[in-house]
Amino acid sequence: EHYRSAKSLGEEFGITYSLFATWYRIYKYQGESGLLPRKGKRHFSASFKLSVLTAIREESLSLKEARVRFDLSSDAHIIEWQKRLDKFGPEGLEARPKGRPLMTKKANPQIKRKVRKTNKALTREEELLQENEYLRAENALLKKLSALAQAENKRKP
């Protein structure tokens, strides 16, 4: 006689039915510990990702059921894993490096300076060429700084 529906409990506590139902499934599979907040990011191995996708396919699990069973925070994880599996195969589930790739000397086309191969003393002509290169770079830097200062002054009323 004291049983109430998830919908009526959700309305009483101001929670949507689907969220309340998800919390109930989590509690059913994992107990109280499943409802506690998580700390930090979790990293999943390629074998774990593949086992989740295999279980979904073989047992006809919904995304929500799989998320609860495998203790995932979002359905989006599973959707992204499935896309990568379809596109790249099992190798697509491997962890990928984050961030911008490191630059190498070959990757930067603006570096035009020749690298010296010997430790011999510079000739007078080579010294003058180096000084000329330095002065041109310094001049370009000062021009850029001046242009930035002018642009800043134009912005201020």
# chains A, B, ... in the order shown; residues from 1 in each chain; ligands from 1
>>> residues_around(residues="Ile79 of chain A", least_positions_apart="4", cutoff="12 Å", atoms="only C-alpha atoms", output="PyMOL selection string")
chain A and resi 49+52-53+56+62-64+66-67+72+74-75+83-86+93
>>> select_by_dssp(residues="segment 34-83 of chain A", states="helix (DSSP H, G or I)", output="number ranges by chain")
A: 34-35, 46-59, 63-69, 75-83
>>> write_last_selection(atoms="C-alpha atoms", output="PDB file, in the first residue's frame")
ATOM      1  CA  GLY A  34      26.689   3.633  -7.506  1.00  0.00           C
ATOM      2  CA  LEU A  35      24.839   6.832  -6.588  1.00  0.00           C
ATOM      3  CA  ALA A  46      40.238  -0.833 -25.692  1.00  0.00           C
ATOM      4  CA  SER A  47      39.282  -4.316 -24.454  1.00  0.00           C
ATOM      5  CA  PHE A  48      36.738  -2.846 -22.017  1.00  0.00           C
ATOM      6  CA  LYS A  49      35.206  -0.698 -24.768  1.00  0.00           C
ATOM      7  CA  LEU A  50      34.984  -3.706 -27.058  1.00  0.00           C
ATOM      8  CA  SER A  51      33.357  -5.823 -24.320  1.00  0.00           C
ATOM      9  CA  VAL A  52      30.708  -3.121 -23.768  1.00  0.00           C
ATOM     10  CA  LEU A  53      29.911  -2.952 -27.487  1.00  0.00           C
ATOM     11  CA  THR A  54      29.861  -6.758 -27.760  1.00  0.00           C
ATOM     12  CA  ALA A  55      27.474  -7.069 -24.801  1.00  0.00           C
ATOM     13  CA  ILE A  56      25.142  -4.494 -26.356  1.00  0.00           C
ATOM     14  CA  ARG A  57      25.089  -6.384 -29.648  1.00  0.00           C
ATOM     15  CA  GLU A  58      24.819  -9.920 -28.255  1.00  0.00           C
ATOM     16  CA  GLU A  59      22.374  -9.213 -25.417  1.00  0.00           C
ATOM     17  CA  LEU A  63      22.267   2.366 -24.149  1.00  0.00           C
ATOM     18  CA  LYS A  64      20.853   3.080 -20.688  1.00  0.00           C
ATOM     19  CA  GLU A  65      21.037  -0.574 -19.641  1.00  0.00           C
ATOM     20  CA  ALA A  66      24.633  -0.840 -20.845  1.00  0.00           C
ATOM     21  CA  ARG A  67      25.566   2.427 -19.140  1.00  0.00           C
ATOM     22  CA  VAL A  68      24.211   1.201 -15.817  1.00  0.00           C
ATOM     23  CA  ARG A  69      25.675  -2.290 -16.098  1.00  0.00           C
ATOM     24  CA  ASP A  75      25.486   7.221 -23.200  1.00  0.00           C
ATOM     25  CA  ALA A  76      27.715   9.448 -25.341  1.00  0.00           C
ATOM     26  CA  HIS A  77      30.736   7.284 -24.483  1.00  0.00           C
ATOM     27  CA  ILE A  78      29.095   4.231 -26.012  1.00  0.00           C
ATOM     28  CA  ILE A  79      27.905   6.118 -29.091  1.00  0.00           C
ATOM     29  CA  GLU A  80      31.404   7.502 -29.739  1.00  0.00           C
ATOM     30  CA  TRP A  81      32.999   4.075 -29.268  1.00  0.00           C
ATOM     31  CA  GLN A  82      30.550   2.540 -31.738  1.00  0.00           C
ATOM     32  CA  LYS A  83      31.306   5.220 -34.339  1.00  0.00           C
TER      33      LYS A  83
END
>>> decode(residues="segment 124-151 of chain A", atoms="N, CA and C atoms", output="mmCIF file, in the first residue's frame")
data_model
loop_
_atom_site.group_PDB
_atom_site.id
_atom_site.type_symbol
_atom_site.label_atom_id
_atom_site.label_comp_id
_atom_site.auth_asym_id
_atom_site.auth_seq_id
_atom_site.Cartn_x
_atom_site.Cartn_y
_atom_site.Cartn_z
ATOM 1 N N ARG A 124 84.678 36.734 -42.154
ATOM 2 C CA ARG A 124 84.132 38.087 -41.981
ATOM 3 C C ARG A 124 82.792 38.199 -42.718
ATOM 4 N N GLU A 125 82.714 37.602 -43.893
ATOM 5 C CA GLU A 125 81.478 37.667 -44.676
ATOM 6 C C GLU A 125 80.343 36.936 -43.959
ATOM 7 N N GLU A 126 80.628 35.775 -43.365
ATOM 8 C CA GLU A 126 79.602 35.022 -42.645
ATOM 9 C C GLU A 126 79.141 35.773 -41.398
ATOM 10 N N GLU A 127 80.083 36.439 -40.713
ATOM 11 C CA GLU A 127 79.709 37.241 -39.551
ATOM 12 C C GLU A 127 78.766 38.367 -39.954
ATOM 13 N N LEU A 128 79.073 39.028 -41.086
ATOM 14 C CA LEU A 128 78.224 40.120 -41.562
ATOM 15 C C LEU A 128 76.849 39.612 -41.985
ATOM 16 N N LEU A 129 76.800 38.442 -42.606
ATOM 17 C CA LEU A 129 75.517 37.872 -42.990
ATOM 18 C C LEU A 129 74.667 37.535 -41.753
ATOM 19 N N GLN A 130 75.283 36.999 -40.716
ATOM 20 C CA GLN A 130 74.567 36.694 -39.477
ATOM 21 C C GLN A 130 74.052 37.964 -38.817
ATOM 22 N N GLU A 131 74.911 38.988 -38.780
ATOM 23 C CA GLU A 131 74.493 40.255 -38.174
ATOM 24 C C GLU A 131 73.338 40.863 -38.967
ATOM 25 N N ASN A 132 73.423 40.787 -40.289
ATOM 26 C CA ASN A 132 72.367 41.317 -41.147
ATOM 27 C C ASN A 132 71.042 40.582 -40.873
ATOM 28 N N GLU A 133 71.118 39.261 -40.752
ATOM 29 C CA GLU A 133 69.930 38.459 -40.461
ATOM 30 C C GLU A 133 69.326 38.848 -39.112
ATOM 31 N N TYR A 134 70.176 39.050 -38.116
ATOM 32 C CA TYR A 134 69.714 39.444 -36.786
ATOM 33 C C TYR A 134 69.028 40.806 -36.835
ATOM 34 N N LEU A 135 69.645 41.759 -37.531
ATOM 35 C CA LEU A 135 69.084 43.113 -37.608
ATOM 36 C C LEU A 135 67.752 43.117 -38.359
ATOM 37 N N ARG A 136 67.630 42.296 -39.390
ATOM 38 C CA ARG A 136 66.353 42.220 -40.117
ATOM 39 C C ARG A 136 65.250 41.657 -39.211
ATOM 40 N N ALA A 137 65.581 40.646 -38.445
ATOM 41 C CA ALA A 137 64.600 40.059 -37.528
ATOM 42 C C ALA A 137 64.198 41.071 -36.458
ATOM 43 N N GLU A 138 65.182 41.801 -35.932
ATOM 44 C CA GLU A 138 64.906 42.820 -34.927
ATOM 45 C C GLU A 138 64.022 43.925 -35.506
ATOM 46 N N ASN A 139 64.311 44.340 -36.736
ATOM 47 C CA ASN A 139 63.529 45.379 -37.409
ATOM 48 C C ASN A 139 62.084 44.906 -37.611
ATOM 49 N N ALA A 140 61.901 43.665 -38.049
ATOM 50 C CA ALA A 140 60.559 43.128 -38.256
ATOM 51 C C ALA A 140 59.781 43.071 -36.940
ATOM 52 N N LEU A 141 60.478 42.701 -35.861
ATOM 53 C CA LEU A 141 59.839 42.643 -34.557
ATOM 54 C C LEU A 141 59.389 44.027 -34.104
ATOM 55 N N LEU A 142 60.241 45.016 -34.284
ATOM 56 C CA LEU A 142 59.885 46.376 -33.884
ATOM 57 C C LEU A 142 58.715 46.916 -34.711
ATOM 58 N N LYS A 143 58.694 46.608 -36.003
ATOM 59 C CA LYS A 143 57.572 47.037 -36.842
ATOM 60 C C LYS A 143 56.264 46.403 -36.355
ATOM 61 N N LYS A 144 56.323 45.152 -36.035
ATOM 62 C CA LYS A 144 55.138 44.441 -35.559
ATOM 63 C C LYS A 144 54.660 45.033 -34.235
ATOM 64 N N LEU A 145 55.592 45.312 -33.339
ATOM 65 C CA LEU A 145 55.259 45.904 -32.048
ATOM 66 C C LEU A 145 54.625 47.273 -32.228
ATOM 67 N N SER A 146 55.170 48.064 -33.140
ATOM 68 C CA SER A 146 54.628 49.394 -33.423
ATOM 69 C C SER A 146 53.206 49.289 -33.983
ATOM 70 N N ALA A 147 52.984 48.353 -34.883
ATOM 71 C CA ALA A 147 51.652 48.170 -35.469
ATOM 72 C C ALA A 147 50.645 47.742 -34.401
ATOM 73 N N LEU A 148 51.066 46.886 -33.494
ATOM 74 C CA LEU A 148 50.174 46.453 -32.421
ATOM 75 C C LEU A 148 49.837 47.616 -31.484
ATOM 76 N N ALA A 149 50.827 48.449 -31.188
ATOM 77 C CA ALA A 149 50.597 49.615 -30.324
ATOM 78 C C ALA A 149 49.635 50.593 -30.975
ATOM 79 N N GLN A 150 49.777 50.816 -32.286
ATOM 80 C CA GLN A 150 48.869 51.703 -33.009
ATOM 81 C C GLN A 150 47.462 51.134 -33.015
ATOM 82 N N ALA A 151 47.332 49.845 -33.222
ATOM 83 C CA ALA A 151 46.014 49.221 -33.229
ATOM 84 C C ALA A 151 45.365 49.326 -31.860
#
